[in-house]
file my_file-v9.tsv (TSV, C-alpha atoms)
chain	number	residue	atom	x	y	z
A	1	MET	CA	-6.72	-3.94	34.28
A	2	SER	CA	-7.22	-0.61	32.47
A	3	ALA	CA	-9.16	-0.38	29.23
A	4	THR	CA	-10.48	2.21	26.79
A	5	LEU	CA	-14.16	2.15	25.88
A	6	ILE	CA	-15.48	3.79	22.72
A	7	THR	CA	-19.25	4.23	22.99
A	8	ASN	CA	-22.20	5.27	20.84
A	9	ILE	CA	-20.39	4.68	17.53
A	10	GLY	CA	-22.85	5.69	14.84
A	11	LEU	CA	-21.59	2.99	12.48
A	12	LEU	CA	-18.77	0.53	13.14
A	13	VAL	CA	-17.39	-0.65	9.78
A	14	ASN	CA	-15.70	-3.87	8.64
A	15	THR	CA	-16.50	-5.97	11.70
A	16	ARG	CA	-15.32	-9.52	11.16
A	17	GLU	CA	-15.01	-12.79	13.06
A	18	GLU	CA	-12.42	-14.26	10.66
A	19	ASN	CA	-9.72	-13.16	8.24
A	20	ARG	CA	-10.37	-13.99	4.63
A	21	LEU	CA	-9.00	-12.49	1.44
A	22	LEU	CA	-11.99	-11.10	-0.44
A	23	ARG	CA	-12.40	-11.71	-4.16
A	24	GLY	CA	-15.10	-11.06	-6.71
A	25	GLN	CA	-18.57	-10.49	-5.27
A	26	GLU	CA	-17.31	-10.88	-1.69
A	27	LEU	CA	-15.67	-7.46	-1.97
A	28	ALA	CA	-19.10	-5.80	-1.83
A	29	ASN	CA	-19.86	-7.40	1.55
A	30	LEU	CA	-18.83	-4.90	4.24
A	31	PRO	CA	-20.26	-5.89	7.64
A	32	THR	CA	-21.23	-3.03	9.96
A	33	ILE	CA	-22.84	-2.50	13.38
A	34	GLN	CA	-25.01	0.52	14.16
A	35	ASN	CA	-24.82	2.20	17.59
A	36	ALA	CA	-21.76	0.19	18.56
A	37	PHE	CA	-18.95	0.01	21.13
A	38	ILE	CA	-15.31	-1.10	21.12
A	39	ILE	CA	-13.18	-2.02	24.14
A	40	ILE	CA	-9.39	-1.71	23.82
A	41	GLU	CA	-6.72	-3.20	26.11
A	42	HIS	CA	-2.94	-3.40	25.59
A	43	GLN	CA	-3.28	-1.61	22.22
A	44	LYS	CA	-5.62	-4.33	20.89
A	45	ILE	CA	-9.35	-4.70	20.28
A	46	VAL	CA	-10.69	-7.04	22.98
A	47	ALA	CA	-14.44	-6.64	22.41
A	48	PHE	CA	-16.93	-4.89	20.16
A	49	GLY	CA	-20.63	-5.06	19.44
A	50	ALA	CA	-23.96	-3.27	19.70
A	51	MET	CA	-24.35	-0.85	22.62
A	52	GLU	CA	-27.21	-2.95	24.00
A	53	ASN	CA	-24.71	-5.75	24.63
A	54	LEU	CA	-22.17	-3.59	26.47
A	55	ILE	CA	-23.43	-4.76	29.90
A	56	HIS	CA	-21.83	-8.17	29.29
A	57	HIS	CA	-18.34	-6.62	29.48
A	58	THR	CA	-16.99	-5.85	32.95
A	59	GLN	CA	-13.42	-4.69	32.29
A	60	THR	CA	-12.15	-1.79	34.39
A	61	ILE	CA	-12.65	1.16	32.06
A	62	THR	CA	-10.24	4.04	32.62
A	63	ASP	CA	-10.92	6.05	29.48
A	64	VAL	CA	-14.20	6.61	27.62
A	65	ILE	CA	-14.51	8.14	24.14
A	66	ASP	CA	-17.99	9.12	22.98
A	67	ALA	CA	-18.28	8.61	19.20
A	68	THR	CA	-21.89	9.72	18.80
A	69	GLY	CA	-22.71	10.32	15.15
A	70	GLN	CA	-19.29	9.16	13.98
A	71	ILE	CA	-18.31	6.32	11.68
A	72	VAL	CA	-15.38	4.24	12.95
A	73	LEU	CA	-13.47	2.03	10.53
A	74	PRO	CA	-10.09	0.27	10.47
A	75	CYS	CA	-7.16	2.37	9.27
A	76	TRP	CA	-6.11	2.16	5.65
A	77	CYS	CA	-3.52	-0.49	4.72
A	78	ASP	CA	-1.33	1.01	1.99
A	79	SER	CA	0.52	-1.91	0.41
A	80	HIS	CA	2.53	-0.08	-2.30
A	81	THR	CA	4.61	3.07	-1.66
A	82	HIS	CA	8.00	4.58	-2.45
A	83	ILE	CA	8.08	7.18	0.36
A	84	VAL	CA	11.87	7.10	0.89
A	85	PHE	CA	13.10	9.65	-1.66
A	86	ALA	CA	15.55	12.53	-1.62
A	87	ALA	CA	13.64	15.19	-3.57
A	88	SER	CA	10.37	15.96	-5.30
A	89	ARG	CA	10.08	16.10	-9.11
A	90	GLU	CA	7.62	18.90	-9.87
A	91	ASN	CA	9.79	20.07	-12.81
A	92	GLU	CA	8.89	16.80	-14.56
A	93	PHE	CA	5.26	17.49	-13.67
A	94	VAL	CA	5.50	20.66	-15.74
A	95	ASP	CA	7.25	18.75	-18.57
A	96	LYS	CA	4.29	16.33	-18.62
A	97	ILE	CA	1.86	19.24	-18.86
A	98	LYS	CA	3.85	20.48	-21.85
A	99	GLY	CA	3.39	17.12	-23.54
A	100	LYS	CA	6.38	14.94	-22.69
A	101	THR	CA	5.59	11.29	-22.01
A	102	TYR	CA	6.78	9.23	-19.03
A	103	ALA	CA	9.09	7.30	-21.42
A	104	GLU	CA	10.53	10.50	-22.95
A	105	ILE	CA	11.28	11.97	-19.53
A	106	ALA	CA	12.98	8.72	-18.49
A	107	ALA	CA	15.01	8.58	-21.72
A	108	SER	CA	16.43	12.07	-21.06
A	109	GLY	CA	17.73	11.14	-17.61
A	110	GLY	CA	14.57	12.09	-15.72
A	111	GLY	CA	12.19	9.80	-13.91
A	112	ILE	CA	13.67	7.09	-11.72
A	113	LEU	CA	17.24	8.01	-12.79
A	114	ASN	CA	16.63	11.59	-11.61
A	115	SER	CA	15.60	10.30	-8.17
A	116	ALA	CA	18.61	7.96	-8.16
A	117	LYS	CA	21.05	10.86	-8.72
A	118	LYS	CA	19.62	12.71	-5.73
A	119	MET	CA	19.48	9.53	-3.65
A	120	ALA	CA	23.20	8.92	-4.21
A	121	VAL	CA	24.21	12.10	-2.34
A	122	ALA	CA	21.57	12.04	0.43
A	123	THR	CA	22.60	10.76	3.87
A	124	GLU	CA	20.73	8.12	5.83
A	125	GLY	CA	19.89	10.76	8.44
A	126	GLU	CA	18.43	13.15	5.86
A	127	LEU	CA	16.39	10.38	4.28
A	128	PHE	CA	15.10	9.16	7.63
A	129	ASP	CA	14.03	12.65	8.74
A	130	SER	CA	12.20	13.51	5.51
A	131	THR	CA	10.48	10.11	5.34
A	132	TRP	CA	9.51	10.20	9.02
A	133	LYS	CA	7.74	13.51	8.39
A	134	ARG	CA	5.87	12.02	5.42
A	135	LEU	CA	4.90	8.98	7.50
A	136	GLN	CA	3.40	11.17	10.24
A	137	GLU	CA	1.30	13.00	7.66
A	138	LEU	CA	0.03	9.69	6.25
A	139	ILE	CA	-0.93	8.45	9.71
A	140	GLN	CA	-2.96	11.64	10.24
A	141	LEU	CA	-4.74	10.81	6.96
A	142	GLY	CA	-5.71	7.40	8.33
A	143	THR	CA	-2.94	5.05	7.14
A	144	GLY	CA	-2.37	2.38	9.80
A	145	ALA	CA	0.00	0.00	7.96
A	146	ILE	CA	2.34	0.61	5.04
A	147	GLU	CA	4.76	-1.05	2.63
A	148	ILE	CA	7.86	0.91	1.55
A	149	LYS	CA	10.07	0.05	-1.43
A	150	SER	CA	13.68	0.83	-2.27
A	151	GLY	CA	14.47	1.34	-5.95
A	152	TYR	CA	15.85	4.87	-6.16
A	153	GLY	CA	19.35	3.68	-5.30
A	154	LEU	CA	20.30	1.55	-8.33
A	155	SER	CA	23.74	0.89	-6.83
A	156	VAL	CA	24.82	-1.43	-4.06
A	157	ASP	CA	25.54	1.39	-1.59
A	158	ALA	CA	22.43	3.45	-2.34
A	159	GLU	CA	19.96	0.53	-2.36
A	160	ILE	CA	21.35	-0.72	0.96
A	161	LYS	CA	21.17	2.85	2.32
A	162	MET	CA	17.47	3.06	1.43
A	163	LEU	CA	16.70	-0.30	3.00
A	164	ARG	CA	18.57	0.64	6.20
A	165	VAL	CA	16.41	3.77	6.41
A	166	ILE	CA	13.29	1.63	6.02
A	167	LYS	CA	14.57	-0.71	8.76
A	168	ALA	CA	15.12	2.28	11.08
A	169	LEU	CA	11.60	3.50	10.30
A	170	LYS	CA	10.24	0.04	11.14
A	171	GLN	CA	11.93	0.16	14.53
A	172	LYS	CA	10.52	3.59	15.42
A	173	SER	CA	7.14	3.58	13.69
A	174	PRO	CA	3.92	3.06	15.67
A	175	ILE	CA	2.36	1.39	12.60
A	176	PRO	CA	3.56	-1.85	10.97
A	177	ILE	CA	5.89	-1.36	8.00
A	178	LYS	CA	6.89	-3.92	5.39
A	179	ALA	CA	10.11	-3.42	3.38
A	180	THR	CA	10.47	-4.31	-0.30
A	181	PHE	CA	13.74	-4.48	-2.24
A	182	LEU	CA	13.19	-2.94	-5.69
A	183	GLY	CA	16.75	-2.80	-7.01
A	184	ALA	CA	15.27	-3.87	-10.36
A	185	HIS	CA	13.37	-0.58	-10.82
A	186	THR	CA	15.27	0.42	-13.95
A	187	TYR	CA	18.78	0.04	-15.39
A	188	PRO	CA	21.41	2.55	-14.23
A	189	LEU	CA	23.03	4.46	-17.10
A	190	GLU	CA	26.29	2.52	-16.79
A	191	PHE	CA	24.36	-0.73	-17.34
A	192	LYS	CA	22.08	0.54	-20.12
A	193	GLU	CA	23.78	-1.77	-22.65
A	194	ASN	CA	24.69	-4.46	-20.12
A	195	HIS	CA	21.46	-5.70	-18.57
A	196	GLN	CA	22.97	-8.98	-17.41
A	197	GLY	CA	25.73	-7.07	-15.61
A	198	TYR	CA	23.18	-5.19	-13.50
A	199	ILE	CA	21.13	-8.32	-12.83
A	200	ASP	CA	24.33	-10.00	-11.64
A	201	LEU	CA	25.00	-7.01	-9.36
A	202	ILE	CA	21.53	-7.38	-7.81
A	203	ILE	CA	21.83	-11.13	-7.31
A	204	GLN	CA	25.49	-11.48	-6.36
A	205	GLN	CA	26.13	-8.28	-4.37
A	206	MET	CA	22.89	-6.68	-3.17
A	207	LEU	CA	20.88	-9.73	-2.12
A	208	PRO	CA	23.55	-11.26	0.19
A	209	ILE	CA	23.88	-7.97	2.14
A	210	ILE	CA	20.08	-7.58	2.36
A	211	ALA	CA	19.76	-11.11	3.72
A	212	LYS	CA	22.66	-10.71	6.17
A	213	GLU	CA	21.24	-7.46	7.61
A	214	ASN	CA	17.59	-8.60	7.39
A	215	LEU	CA	16.68	-5.50	5.40
A	216	ALA	CA	13.65	-6.63	3.37
A	217	ASP	CA	10.51	-8.74	3.46
A	218	TYR	CA	9.81	-8.76	-0.29
A	219	ILE	CA	11.51	-8.43	-3.65
A	220	ASP	CA	9.96	-6.44	-6.50
A	221	VAL	CA	10.78	-5.95	-10.20
A	222	PHE	CA	9.44	-3.38	-12.70
A	223	CYS	CA	8.38	-5.82	-15.42
A	224	GLU	CA	7.86	-3.62	-18.45
A	225	TYR	CA	9.08	-3.05	-22.01
A	226	GLY	CA	12.30	-1.03	-21.82
A	227	PHE	CA	12.82	-2.10	-18.21
A	228	PHE	CA	12.87	-5.77	-17.11
A	229	SER	CA	11.45	-8.56	-19.27
A	230	LYS	CA	9.25	-11.34	-17.96
A	231	GLU	CA	12.23	-13.73	-18.05
A	232	GLU	CA	14.52	-11.27	-16.24
A	233	THR	CA	11.77	-10.66	-13.67
A	234	ILE	CA	11.48	-14.38	-12.94
A	235	THR	CA	15.27	-14.77	-12.68
A	236	ILE	CA	15.58	-11.90	-10.17
A	237	CYS	CA	12.58	-12.97	-8.10
A	238	LYS	CA	13.77	-16.58	-7.91
A	239	ALA	CA	17.12	-15.31	-6.62
A	240	GLY	CA	15.26	-13.26	-4.02
A	241	LEU	CA	13.23	-16.30	-2.98
A	242	GLN	CA	16.46	-18.15	-2.20
A	243	PHE	CA	17.19	-15.38	0.33
A	244	GLY	CA	13.66	-15.57	1.80
A	245	LEU	CA	12.20	-12.58	-0.05
A	246	LYS	CA	8.71	-13.18	-1.48
A	247	PRO	CA	7.86	-11.54	-4.84
A	248	LYS	CA	5.64	-8.50	-5.41
A	249	ILE	CA	5.73	-7.26	-9.02
A	250	HIS	CA	5.18	-3.97	-10.87
A	251	ALA	CA	3.08	-5.48	-13.67
A	252	ASN	CA	1.26	-4.35	-16.80
A	253	GLN	CA	1.44	-0.62	-16.17
A	254	LEU	CA	2.29	0.53	-19.69
A	255	ASN	CA	1.91	-2.64	-21.77
A	256	LEU	CA	0.91	-6.31	-21.62
A	257	SER	CA	4.40	-6.90	-20.25
A	258	GLY	CA	4.12	-10.46	-18.97
A	259	GLY	CA	4.26	-9.16	-15.41
A	260	VAL	CA	1.00	-10.83	-14.40
A	261	GLU	CA	2.13	-14.13	-15.93
A	262	ALA	CA	5.46	-13.86	-14.08
A	263	GLY	CA	3.68	-13.05	-10.81
A	264	VAL	CA	1.28	-15.97	-11.04
A	265	GLU	CA	4.10	-18.35	-12.01
A	266	LEU	CA	6.08	-17.18	-8.96
A	267	ASN	CA	3.01	-17.26	-6.66
A	268	ALA	CA	3.72	-13.59	-5.92
A	269	ILE	CA	1.94	-11.91	-3.01
A	270	SER	CA	0.69	-9.25	-5.43
A	271	VAL	CA	0.98	-7.85	-8.94
A	272	ASP	CA	0.64	-4.08	-8.84
A	273	HIS	CA	-0.57	-1.42	-11.32
A	274	LEU	CA	-2.54	-3.46	-13.95
A	275	GLU	CA	-3.53	-0.50	-16.12
A	276	THR	CA	-3.09	-2.72	-19.19
A	277	MET	CA	-5.03	-5.99	-18.97
A	278	ASP	CA	-6.79	-8.32	-21.42
A	279	ASP	CA	-9.24	-11.18	-20.88
A	280	LYS	CA	-6.45	-13.75	-20.71
A	281	THR	CA	-4.45	-11.99	-17.98
A	282	ILE	CA	-7.62	-11.20	-16.01
A	283	SER	CA	-8.62	-14.88	-16.08
A	284	LEU	CA	-5.10	-15.93	-15.10
A	285	LEU	CA	-5.11	-13.57	-12.11
A	286	ALA	CA	-8.62	-14.61	-11.05
A	287	ASN	CA	-7.57	-18.25	-10.90
A	288	SER	CA	-4.45	-17.58	-8.82
A	289	ASN	CA	-3.63	-16.79	-5.18
A	290	THR	CA	-2.02	-13.50	-6.23
A	291	ILE	CA	-3.65	-10.17	-5.32
A	292	GLY	CA	-4.10	-7.48	-7.98
A	293	THR	CA	-3.15	-4.15	-6.39
A	294	LEU	CA	-4.60	-1.14	-8.18
A	295	LEU	CA	-2.97	2.31	-7.97
A	296	PRO	CA	-5.53	4.77	-9.38
A	297	THR	CA	-3.69	7.94	-8.35
A	298	ALA	CA	-0.73	6.91	-10.53
A	299	ALA	CA	-3.02	6.44	-13.53
A	300	TYR	CA	-4.60	9.82	-12.76
A	301	PHE	CA	-1.27	11.63	-12.44
A	302	LEU	CA	0.13	10.09	-15.62
A	303	ARG	CA	-3.16	10.65	-17.50
A	304	MET	CA	-3.40	6.95	-18.30
A	305	PRO	CA	-6.54	4.83	-18.57
A	306	PHE	CA	-7.63	3.71	-15.12
A	307	GLN	CA	-7.31	0.08	-14.11
A	308	PRO	CA	-10.27	-2.11	-15.18
A	309	ALA	CA	-11.41	-2.67	-11.60
A	310	ARG	CA	-14.99	-3.55	-12.50
A	311	LYS	CA	-13.90	-6.27	-14.91
A	312	LEU	CA	-11.31	-7.63	-12.48
A	313	ILE	CA	-13.83	-7.86	-9.65
A	314	ASP	CA	-16.64	-9.27	-11.82
A	315	ASN	CA	-14.25	-12.01	-13.00
A	316	GLY	CA	-13.40	-13.04	-9.44
A	317	CYS	CA	-10.02	-11.38	-8.82
A	318	ALA	CA	-8.82	-10.41	-5.35
A	319	ILE	CA	-8.23	-6.64	-5.47
A	320	ALA	CA	-6.33	-4.30	-3.14
A	321	LEU	CA	-5.96	-0.52	-3.40
A	322	ALA	CA	-2.77	1.40	-2.64
A	323	SER	CA	-1.37	4.90	-3.14
A	324	ASP	CA	1.92	4.28	-4.99
A	325	PHE	CA	3.17	7.40	-3.16
A	326	ASN	CA	6.32	8.42	-5.04
A	327	PRO	CA	7.82	11.69	-6.35
A	328	GLY	CA	7.41	10.91	-10.05
A	329	SER	CA	4.02	9.40	-10.80
A	330	SER	CA	1.89	9.61	-7.63
A	331	PRO	CA	3.07	12.33	-5.24
A	332	SER	CA	0.35	11.66	-2.68
A	333	GLY	CA	-0.24	9.00	-0.08
A	334	ASN	CA	-3.78	10.11	0.74
A	335	MET	CA	-5.72	6.84	0.80
A	336	ASN	CA	-9.01	8.74	1.21
A	337	VAL	CA	-8.44	10.11	-2.29
A	338	VAL	CA	-7.48	6.64	-3.54
A	339	VAL	CA	-10.79	5.23	-2.25
A	340	SER	CA	-12.82	8.08	-3.75
A	341	MET	CA	-11.04	7.89	-7.11
A	342	SER	CA	-11.65	4.14	-7.20
A	343	CYS	CA	-15.38	4.75	-6.86
A	344	VAL	CA	-15.59	7.66	-9.29
A	345	GLN	CA	-13.18	6.54	-12.01
A	346	MET	CA	-13.12	2.73	-11.63
A	347	LYS	CA	-16.80	2.23	-10.71
A	348	MET	CA	-16.04	0.40	-7.47
A	349	LEU	CA	-18.82	0.43	-4.88
A	350	PRO	CA	-17.86	2.25	-1.65
A	351	GLU	CA	-17.96	-1.12	0.15
A	352	GLU	CA	-15.63	-2.69	-2.40
A	353	ALA	CA	-13.16	0.19	-2.23
A	354	ILE	CA	-13.09	0.21	1.58
A	355	ASN	CA	-12.53	-3.56	1.72
A	356	ALA	CA	-9.79	-3.29	-0.92
A	357	ALA	CA	-8.06	-0.50	1.03
A	358	THR	CA	-8.31	-2.25	4.42
A	359	ILE	CA	-8.53	-6.04	4.75
A	360	ASN	CA	-7.25	-6.88	1.24
A	361	GLY	CA	-4.48	-4.30	1.59
A	362	ALA	CA	-3.50	-6.03	4.83
A	363	PHE	CA	-3.35	-9.38	3.01
A	364	ALA	CA	-1.12	-7.76	0.36
A	365	MET	CA	1.40	-7.13	3.17
A	366	GLU	CA	0.73	-10.38	5.07
A	367	LEU	CA	-0.51	-8.25	7.97
A	368	GLU	CA	-4.07	-9.61	8.02
A	369	ASN	CA	-3.64	-10.92	11.58
A	370	GLU	CA	-2.69	-7.44	12.84
A	371	VAL	CA	-4.74	-4.88	10.91
A	372	GLY	CA	-7.37	-4.37	8.21
A	373	SER	CA	-10.65	-5.07	10.02
A	374	ILE	CA	-12.45	-4.68	13.33
A	375	LYS	CA	-11.63	-8.02	14.88
A	376	VAL	CA	-10.79	-9.16	18.41
A	377	GLY	CA	-7.01	-9.39	18.80
A	378	LYS	CA	-6.11	-6.88	16.11
A	379	ARG	CA	-4.37	-3.56	16.71
A	380	ALA	CA	-6.72	-0.72	17.61
A	381	ASN	CA	-5.75	1.29	14.51
A	382	LEU	CA	-8.93	3.21	13.81
A	383	ILE	CA	-10.28	6.12	11.79
A	384	PHE	CA	-13.01	8.26	13.40
A	385	THR	CA	-14.92	10.33	10.87
A	386	LYS	CA	-16.56	13.63	11.61
A	387	PRO	CA	-20.34	13.21	11.98
A	388	ILE	CA	-21.47	12.38	8.43
A	389	SER	CA	-24.73	11.15	6.94
A	390	SER	CA	-23.60	7.76	5.62
A	391	LEU	CA	-20.64	5.63	4.61
A	392	PRO	CA	-20.89	6.51	0.87
A	393	TYR	CA	-20.51	10.17	1.89
A	394	MET	CA	-16.78	9.48	2.44
A	395	PRO	CA	-15.85	8.82	-1.23
A	396	TYR	CA	-18.63	11.17	-2.41
A	397	ALA	CA	-17.24	14.27	-0.65
A	398	PHE	CA	-13.76	13.74	-2.06
A	399	GLY	CA	-12.50	17.28	-1.42
A	400	SER	CA	-13.35	17.43	2.29
A	401	ASN	CA	-11.27	16.22	5.20
A	402	LEU	CA	-13.81	13.97	6.91
A	403	ILE	CA	-11.41	12.52	9.50
A	404	ASP	CA	-12.00	13.73	13.04
A	405	LYS	CA	-9.18	11.72	14.62
A	406	VAL	CA	-7.00	8.67	14.10
A	407	MET	CA	-6.18	6.11	16.76
A	408	ILE	CA	-3.00	4.01	16.51
A	409	ASN	CA	-2.49	1.12	18.93
A	410	GLY	CA	-5.36	2.43	21.05
A	411	VAL	CA	-3.97	5.95	21.38
A	412	VAL	CA	-5.37	9.00	19.61
A	413	VAL	CA	-2.65	10.54	17.39
A	414	SER	CA	-2.05	14.20	18.18
call {"tool": "encode", "arguments": {"input": "my_file-v9.tsv", "output": "structure tokens"}}
result
Amino acid sequence: MSATLITNIGLLVNTREENRLLRGQELANLPTIQNAFIIIEHQKIVAFGAMENLIHHTQTITDVIDATGQIVLPCWCDSHTHIVFAASRENEFVDKIKGKTYAEIAASGGGILNSAKKMAVATEGELFDSTWKRLQELIQLGTGAIEIKSGYGLSVDAEIKMLRVIKALKQKSPIPIKATFLGAHTYPLEFKENHQGYIDLIIQQMLPIIAKENLADYIDVFCEYGFFSKEETITICKAGLQFGLKPKIHANQLNLSGGVEAGVELNAISVDHLETMDDKTISLLANSNTIGTLLPTAAYFLRMPFQPARKLIDNGCAIALASDFNPGSSPSGNMNVVVSMSCVQMKMLPEEAINAATINGAFAMELENEVGSIKVGKRANLIFTKPISSLPYMPYAFGSNLIDKVMINGVVVS
């Protein structure tokens, strides 16, 4: 039986015997092995350990990779993206520089509504091709599992079109993809004064088609003032639950919106953003099973205060990191930047940031049995760094490409 052997790994990172969601102080515990090996068979990790113990493994090795001086870690698990979109929005970027706020741009037909207009005329083929290209770039940057949301459709046809594209990506992609239905991203113009009408459209027309075609794993709502209230969020998510879609919520980005409360009440997989938190919501999240997913590049791009990661962690919350890759508020899916920004701007230790972007990110997609750590039986989705001095050098040298190669399912990506 053929196998690939990776030898002389300078530092093998996030080596675990069990899967456990990390919260509070546990996030700083990042197990490593110096001078290590990994053996891969059938796309999976079958053994790993210190080089001195390699003699105990007698598999027929057909391929050997020498990783002398390199750090090897599990690929990033990006649990919050919007990478299916029809066009970029750099004109709004310039408007923001000139002083317009996110809310002002949205009120004048920009923002999500701008993306929705372009989405309406794009074909499934065009969307698939442009998203496939983005996905390949993200894999080269070390992303080994990803969640993709709809939400730029805002009509029955366009939301279903987006989700069909995500389903096609799932079928072709070498990395696991989770699909999230975000029809409740904002109100289309024709429903601006008829919120209940749009909620009815989501529940009565969109959800039955999504369930029939098996188009989504999760349901998401943008719970925010001027968008969907806490009560509306709960109504929509409960409807999704009846069709087998578990909740993930855009929560507390701009205000104390009730999104965290809604998420905890619904036992949501995650509540994402969390730029605006107080002691009460932090305590509520810490005492729940819900993961707080932080999106620092969105806060950076919108010039908002960064998420209070230190306070969340110190109070015992389970934290994941994700890119929020989207054309309006985070036009990058580079998880290496996310990890660095989390250390620099949110005072996360390198170990905490790496855990949040790997194993906890996997939990935020319910992929913890497939990816997120170096563990026997998991996919061999691995990042090989260039020879560097230490693990903290990765977030420290934020402007350098420190990735030598990426391996997906045991094969080096060209």
call {"tool": "axis_aligned_box", "arguments": {"input": "my_file-v9.tsv", "around": "range 185-199 of chain A", "padding_each_side": "5 Å", "output": "AutoDock Vina command-line options"}}
result
--center_x 19.8 --center_y -2.3 --center_z -16.7 --size_x 22.9 --size_y 23.4 --size_z 21.8
call {"tool": "residues_near_point", "arguments": {"input": "my_file-v9.tsv", "point": "(-21.1, -1.2, 18.4)", "cutoff": "10 Å", "atoms": "all atoms listed in the file", "output": "VMD selection string"}}
result
chain A and resid 6 to 13 15 32 to 39 47 to 54 72
call {"tool": "residues_around", "arguments": {"input": "my_file-v9.tsv", "residues": "Ile203 in chain A", "least_positions_apart": "3", "cutoff": "7 Å", "atoms": "all atoms listed in the file", "output": "PyMOL selection string"}}
result
chain A and resi 199-200+206-207+236+239
call {"tool": "residues_around", "arguments": {"input": "my_file-v9.tsv", "residues": "range 299-316 of chain A", "least_positions_apart": "5", "cutoff": "9 Å", "atoms": "only C-alpha atoms", "output": "compact mmCIF listing (two decimals) with C-alpha atoms, in the coordinates of the input"}}
result
# COMPACT_ATOMS: atom_id res chain seq x y z
CA ARG A 23 -12.40 -11.71 -4.16
CA GLY A 24 -15.10 -11.06 -6.71
CA GLN A 25 -18.57 -10.49 -5.27
CA GLU A 26 -17.31 -10.88 -1.69
CA LEU A 27 -15.67 -7.46 -1.97
CA PHE A 93 5.26 17.49 -13.67
CA LYS A 96 4.29 16.33 -18.62
CA THR A 101 5.59 11.29 -22.01
CA TYR A 102 6.78 9.23 -19.03
CA GLN A 253 1.44 -0.62 -16.17
CA LEU A 254 2.29 0.53 -19.69
CA HIS A 273 -0.57 -1.42 -11.32
CA LEU A 274 -2.54 -3.46 -13.95
CA GLU A 275 -3.53 -0.50 -16.12
CA THR A 276 -3.09 -2.72 -19.19
CA MET A 277 -5.03 -5.99 -18.97
CA ILE A 282 -7.62 -11.20 -16.01
CA SER A 283 -8.62 -14.88 -16.08
CA LEU A 285 -5.11 -13.57 -12.11
CA ALA A 286 -8.62 -14.61 -11.05
CA ASN A 287 -7.57 -18.25 -10.90
CA GLY A 292 -4.10 -7.48 -7.98
CA LEU A 294 -4.60 -1.14 -8.18
CA SER A 329 4.02 9.40 -10.80
CA SER A 330 1.89 9.61 -7.63
CA PRO A 331 3.07 12.33 -5.24
CA MET A 341 -11.04 7.89 -7.11
CA SER A 342 -11.65 4.14 -7.20
CA GLN A 345 -13.18 6.54 -12.01
CA MET A 346 -13.12 2.73 -11.63
CA LYS A 347 -16.80 2.23 -10.71
CA MET A 348 -16.04 0.40 -7.47
call {"tool": "residues_around", "arguments": {"input": "my_file-v9.tsv", "residues": "Tyr218 in chain A", "least_positions_apart": "5", "cutoff": "12 Å", "atoms": "only C-alpha atoms", "output": "MDAnalysis selection string"}}
result
chainID A and resid 79:80 147:150 163 177:183 207 210:211 236:249 268:270 364:366
call {"tool": "closest_residue", "arguments": {"input": "my_file-v9.tsv", "among": "A:Ala322, A:Val338, A:Ala116, A:Ala362", "to": "Glu159 in chain A", "atoms": "only C-alpha atoms"}}
result
A:Ala116
call {"tool": "atom_distance", "arguments": {"input": "my_file-v9.tsv", "atom1": "CA of Pro387 in chain A", "atom2": "CA of Trp76 in chain A"}}
result
19.1 Å
call {"tool": "residues_around", "arguments": {"input": "my_file-v9.tsv", "residues": "Ile105 in chain A", "least_positions_apart": "5", "cutoff": "8 Å", "atoms": "all atoms listed in the file", "output": "list in words"}}
result
Glu92, Asp95, Lys100, Gly110 and Gly111 of chain A
call {"tool": "atom_distance", "arguments": {"input": "my_file-v9.tsv", "atom1": "CA of Gly144 in chain A", "atom2": "CA of Asp78 in chain A"}}
result
8.0 Å
call {"tool": "closest_residue", "arguments": {"input": "my_file-v9.tsv", "among": "A:Val156, A:Val337, A:Leu169, A:Val46", "to": "Gln204 in chain A", "atoms": "all atoms listed in the file"}}
result
A:Val156
call {"tool": "closest_residue", "arguments": {"input": "my_file-v9.tsv", "among": "A:Ala158, A:Ala86, A:Val411, A:Ile112", "to": "Thr131 in chain A", "atoms": "all atoms listed in the file"}}
result
A:Ala86
call {"tool": "closest_residue", "arguments": {"input": "my_file-v9.tsv", "among": "A:Ala107, A:Leu113, A:Ile97, A:Ile166", "to": "Leu127 in chain A", "atoms": "all atoms listed in the file"}}
result
A:Ile166
call {"tool": "atom_distance", "arguments": {"input": "my_file-v9.tsv", "atom1": "CA of Leu138 in chain A", "atom2": "CA of Glu224 in chain A"}}
result
29.1 Å
call {"tool": "closest_residue", "arguments": {"input": "my_file-v9.tsv", "among": "A:Met162, A:Ile61, A:Ala145, A:Met119", "to": "Ser88 in chain A", "atoms": "all atoms listed in the file"}}
result
A:Met119
call {"tool": "closest_residue", "arguments": {"input": "my_file-v9.tsv", "among": "A:Glu351, A:Asp63, A:Asp278, A:Glu124", "to": "Asn255 in chain A", "atoms": "all atoms listed in the file"}}
result
A:Asp278
call {"tool": "residues_near_point", "arguments": {"input": "my_file-v9.tsv", "point": "(-5.7, 8.9, 9.6)", "cutoff": "7 Å", "atoms": "all atoms listed in the file", "output": "PyMOL selection string"}}
result
chain A and resi 75+138-143+383+403+405-406
